[in-house]
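Student: Just so it is clear, I am handing over upload-v3.tsv, which has TSV, C-alpha atoms and all ligand atoms.
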chain	number	residue	atom	x	y	z
A	1	THR	CA	90.90	30.72	67.52
A	2	TYR	CA	91.61	29.68	63.98
A	3	VAL	CA	89.70	31.26	61.10
A	4	VAL	CA	88.80	30.10	57.58
A	5	THR	CA	89.41	32.84	55.01
A	6	GLN	CA	88.48	33.49	51.41
A	7	ASN	CA	90.74	30.90	49.78
A	8	CYS	CA	88.27	28.24	50.88
A	9	ILE	CA	85.41	29.77	48.90
A	10	ARG	CA	84.46	27.67	45.86
A	11	CYS	CA	87.03	25.00	46.84
A	12	LYS	CA	85.97	23.42	50.14
A	13	TYR	CA	88.55	20.65	50.17
A	14	THR	CA	87.47	19.56	53.70
A	15	ASP	CA	90.90	18.08	54.61
A	16	CYS	CA	90.63	20.38	57.63
A	17	VAL	CA	87.53	18.57	58.90
A	18	GLU	CA	89.30	15.25	58.92
A	19	VAL	CA	91.92	16.34	61.46
A	20	CYS	CA	89.90	18.52	63.82
A	21	PRO	CA	89.75	16.82	67.24
A	22	VAL	CA	86.70	18.76	68.41
A	23	ASP	CA	84.60	18.81	65.21
A	24	CYS	CA	84.16	22.58	65.19
A	25	PHE	CA	83.73	23.11	61.45
A	26	TYR	CA	80.40	24.27	60.02
A	27	GLU	CA	79.43	23.90	56.39
A	28	GLY	CA	77.85	26.19	53.85
A	29	GLU	CA	77.34	25.53	50.15
A	30	ASN	CA	80.77	26.69	49.05
A	31	PHE	CA	82.69	27.56	52.24
A	32	LEU	CA	83.40	26.25	55.72
A	33	VAL	CA	83.81	28.16	58.95
A	34	ILE	CA	85.27	27.44	62.38
A	35	HIS	CA	83.24	28.05	65.54
A	36	PRO	CA	85.42	30.39	67.60
A	37	ASP	CA	84.06	29.17	70.94
A	38	GLU	CA	84.73	25.53	70.09
A	39	CYS	CA	88.17	25.67	68.44
A	40	ILE	CA	90.89	24.66	70.92
A	41	ASP	CA	93.72	26.26	68.92
A	42	CYS	CA	95.48	22.96	68.26
A	43	GLY	CA	96.58	24.20	64.84
A	44	LEU	CA	96.22	20.79	63.18
A	45	CYS	CA	93.95	22.02	60.40
A	46	GLU	CA	96.14	24.88	59.19
A	47	PRO	CA	98.79	22.86	57.29
A	48	GLU	CA	96.17	20.46	55.91
A	49	CYS	CA	94.34	22.97	53.75
A	50	PRO	CA	95.48	22.73	50.09
A	51	ALA	CA	94.23	26.28	49.53
A	52	GLU	CA	96.04	27.70	52.59
A	53	ALA	CA	92.80	29.23	53.76
A	54	ILE	CA	93.22	28.75	57.51
A	55	PHE	CA	94.94	31.25	59.80
A	56	LEU	CA	95.26	31.88	63.51
A	57	ASP	CA	93.08	34.93	64.26
A	58	ASP	CA	96.13	37.08	65.08
A	59	GLU	CA	97.62	36.22	61.70
A	60	VAL	CA	94.64	36.77	59.42
A	61	PRO	CA	95.78	39.08	56.58
A	62	ASP	CA	94.75	42.72	56.98
A	63	ASP	CA	92.44	42.65	53.98
A	64	GLN	CA	90.54	39.68	55.37
A	65	GLN	CA	89.86	40.77	58.94
A	66	ASN	CA	86.14	40.60	58.17
A	67	PHE	CA	86.41	36.80	58.02
A	68	ILE	CA	86.89	36.64	61.80
A	69	GLN	CA	83.35	37.90	62.38
A	70	LEU	CA	82.04	35.97	59.39
A	71	ASN	CA	83.25	32.66	60.89
A	72	ALA	CA	81.58	33.50	64.20
A	73	ASP	CA	78.27	34.46	62.57
A	74	LEU	CA	78.01	31.60	60.07
A	75	ALA	CA	79.06	28.95	62.62
A	76	GLU	CA	75.84	29.77	64.47
A	77	LYS	CA	73.79	29.36	61.35
A	78	TRP	CA	75.30	26.48	59.37
A	79	PRO	CA	75.24	22.73	60.17
A	80	ASN	CA	78.20	20.96	61.71
A	81	ILE	CA	80.43	18.89	59.39
A	82	THR	CA	82.43	16.03	60.89
A	83	GLU	CA	83.60	14.01	57.91
A	84	ARG	CA	85.67	14.80	54.88
A	85	THR	CA	83.77	15.05	51.60
A	86	GLU	CA	84.76	15.50	47.95
A	87	PRO	CA	86.04	19.02	47.15
A	88	LEU	CA	83.78	21.18	45.00
A	89	GLU	CA	83.94	20.29	41.33
A	90	ASP	CA	85.90	23.39	40.25
A	91	ALA	CA	88.14	23.49	43.32
A	92	GLU	CA	91.44	23.28	41.44
A	93	GLU	CA	90.39	26.06	39.09
A	94	TRP	CA	89.39	28.39	41.96
A	95	LYS	CA	92.20	27.53	44.34
A	96	ASP	CA	94.54	30.38	43.46
A	97	LYS	CA	91.93	33.01	42.66
A	98	HIS	CA	91.58	36.10	44.83
A	99	ASP	CA	88.67	38.30	45.89
A	100	LYS	CA	86.29	35.37	46.15
A	101	LEU	CA	84.11	36.84	48.89
A	102	VAL	CA	81.56	37.96	46.29
A	103	PHE	CA	80.92	34.30	45.49
A	104	LEU	CA	80.18	33.27	49.05
A	105	ILE	CA	76.78	31.63	49.36
A	106	LYS	CA	75.43	32.28	52.83
B	201	LIG	FE1	89.90	22.24	64.90
B	201	LIG	FE2	92.36	22.53	65.87
B	201	LIG	FE3	91.68	23.68	63.56
B	201	LIG	FE4	90.67	24.61	65.82
B	201	LIG	S1	92.84	24.64	65.22
B	201	LIG	S2	89.55	24.22	63.94
B	201	LIG	S3	90.44	22.74	67.02
B	201	LIG	S4	91.81	21.49	63.97
B	202	LIG	FE1	88.24	25.01	53.02
B	202	LIG	FE2	90.76	24.35	53.15
B	202	LIG	FE3	89.05	23.21	54.73
B	202	LIG	S1	89.60	24.78	51.31
B	202	LIG	S2	87.21	23.16	53.55
B	202	LIG	S3	89.56	25.35	54.72
B	202	LIG	S4	90.75	22.23	53.73
Have the structure of the file written as structure tokens, please.
Tutor:
Amino acid sequence: TYVVTQNCIRCKYTDCVEVCPVDCFYEGENFLVIHPDECIDCGLCEPECPAEAIFLDDEVPDDQQNFIQLNADLAEKWPNITERTEPLEDAEEWKDKHDKLVFLIK
């Protein structure tokens, strides 16, 4: 399965949503997640993300392994998103920042 990692936090560009053939993205206030049981591993979303936040589970960076479980947990809790929306207001400013997990609104 593919996984959304910390670069999405505070950006939420939603270009990924537009291309997903199975609508398996779920939306929080400042982050999106992928439902691991619904993703068909097509890989279409990965190159679309301007923040390079999406990785195949096997390729998630070592320091972000916790995002694999986080996607699974939050996908059960958050509503489905099927259409692209405007990025968050400060997306460009936050795009290249690191250690954004502390800002995640669950
Ligand atoms: Fe959707 Fe394909 Fe991305 Fe999985 S890999 S979330 S199915 S676009
Ligand atoms: Fe997030 Fe990138 Fe999608 S910033 S909303 S994973 S396009």
Student: Counting only C-alpha atoms and all ligand atoms, give me one row per residue of chain A with an atom at most 8 Å from an atom of ligand LIG 202 (chain B), showing the shortest contact pair and its distance in Å to one decimal, sorted by chain then residue number, as CSV.
Tutor:
residue,atom,partner,partner_atom,distance
A:Val4,CA,B:LIG202,S3,5.6
A:Thr5,CA,B:LIG202,S3,7.5
A:Asn7,CA,B:LIG202,S1,6.4
A:Cys8,CA,B:LIG202,S1,3.7
A:Ile9,CA,B:LIG202,FE1,6.9
A:Cys11,CA,B:LIG202,S1,5.2
A:Lys12,CA,B:LIG202,S2,3.6
A:Tyr13,CA,B:LIG202,S1,4.4
A:Thr14,CA,B:LIG202,S2,3.6
A:Asp15,CA,B:LIG202,S4,4.2
A:Cys16,CA,B:LIG202,S4,4.3
A:Val17,CA,B:LIG202,FE3,6.4
A:Phe31,CA,B:LIG202,FE1,6.2
A:Leu32,CA,B:LIG202,S2,5.4
A:Val33,CA,B:LIG202,S3,7.7
A:Cys45,CA,B:LIG202,S4,7.4
A:Glu46,CA,B:LIG202,S3,8.0
A:Glu48,CA,B:LIG202,S4,6.1
A:Cys49,CA,B:LIG202,S4,3.7
A:Pro50,CA,B:LIG202,FE2,5.9
A:Ala51,CA,B:LIG202,S1,5.2
A:Glu52,CA,B:LIG202,FE2,6.3
A:Ala53,CA,B:LIG202,S3,5.1
A:Ile54,CA,B:LIG202,S3,5.7
A:Pro87,CA,B:LIG202,S2,7.7
A:Lys95,CA,B:LIG202,S1,7.9
Student: Report, in Å with one decimal, the straight-line distance from atom CA of Asp99 of chain A to atom CA of Val60 of chain A.
Tutor: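 Atom CA of Val60 of chain A lies 14.9 Å from atom CA of Asp99 of chain A.
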Student: Give the answer as one residue: which of A:Gln69, A:Asn80, A:Thr1, A:Gln6 has the shortest atom-to-atom distance to ligand LIG 201 (chain B), using all atoms listed in the file?
Tutor: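 Once distances to ligand LIG 201 (chain B) are computed over all atoms listed in the file, the minimum belongs to A:Thr1.
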Student: Determine the nearest neighbour of Ala91 of chain A from the options A:Tyr2, A:Asn30, A:Glu76, A:Phe67, counting all atoms listed in the file.
Tutor: A:Asn30
Student: How many Å lie between atom CA of Val102 of chain A and atom CA of Glu59 of chain A, rounded to one decimal?
Tutor: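 Distance between the two atoms: 22.3 Å.
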Student: Of the residues A:Leu70, A:Ile81, A:Val3, A:Ile105, which is the one nearest to Asp41 of chain A, using all atoms listed in the file?
Tutor: A:Val3
Student: Tell me which of A:His35, A:Leu44, A:Glu18, A:Leu101 sits closest to ligand LIG 201 (chain B), counting all atoms listed in the file.
Tutor: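 That would be A:Leu44, the residue with the smallest distance to ligand LIG 201 (chain B).
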Student: Can you list every residue of chain A that has an atom at most 6 Å from ligand LIG 201 (chain B), with its nearest atom pair and the distance in Å to one decimal, using only C-alpha atoms and all ligand atoms, ordered by chain then number, as a Markdown table?
Tutor:
| residue | atom | partner | partner_atom | distance |
| --- | --- | --- | --- | --- |
| A:Tyr2 | CA | B:LIG201 | S1 | 5.3 |
| A:Val19 | CA | B:LIG201 | S4 | 5.7 |
| A:Cys20 | CA | B:LIG201 | S4 | 3.5 |
| A:Pro21 | CA | B:LIG201 | FE1 | 5.9 |
| A:Val22 | CA | B:LIG201 | S3 | 5.6 |
| A:Cys24 | CA | B:LIG201 | FE1 | 5.8 |
| A:Ile34 | CA | B:LIG201 | S2 | 5.6 |
| A:Cys39 | CA | B:LIG201 | FE4 | 3.8 |
| A:Ile40 | CA | B:LIG201 | S3 | 4.4 |
| A:Asp41 | CA | B:LIG201 | S1 | 4.1 |
| A:Cys42 | CA | B:LIG201 | FE2 | 4.0 |
| A:Gly43 | CA | B:LIG201 | S1 | 3.8 |
| A:Leu44 | CA | B:LIG201 | S4 | 4.5 |
| A:Cys45 | CA | B:LIG201 | S4 | 4.2 |
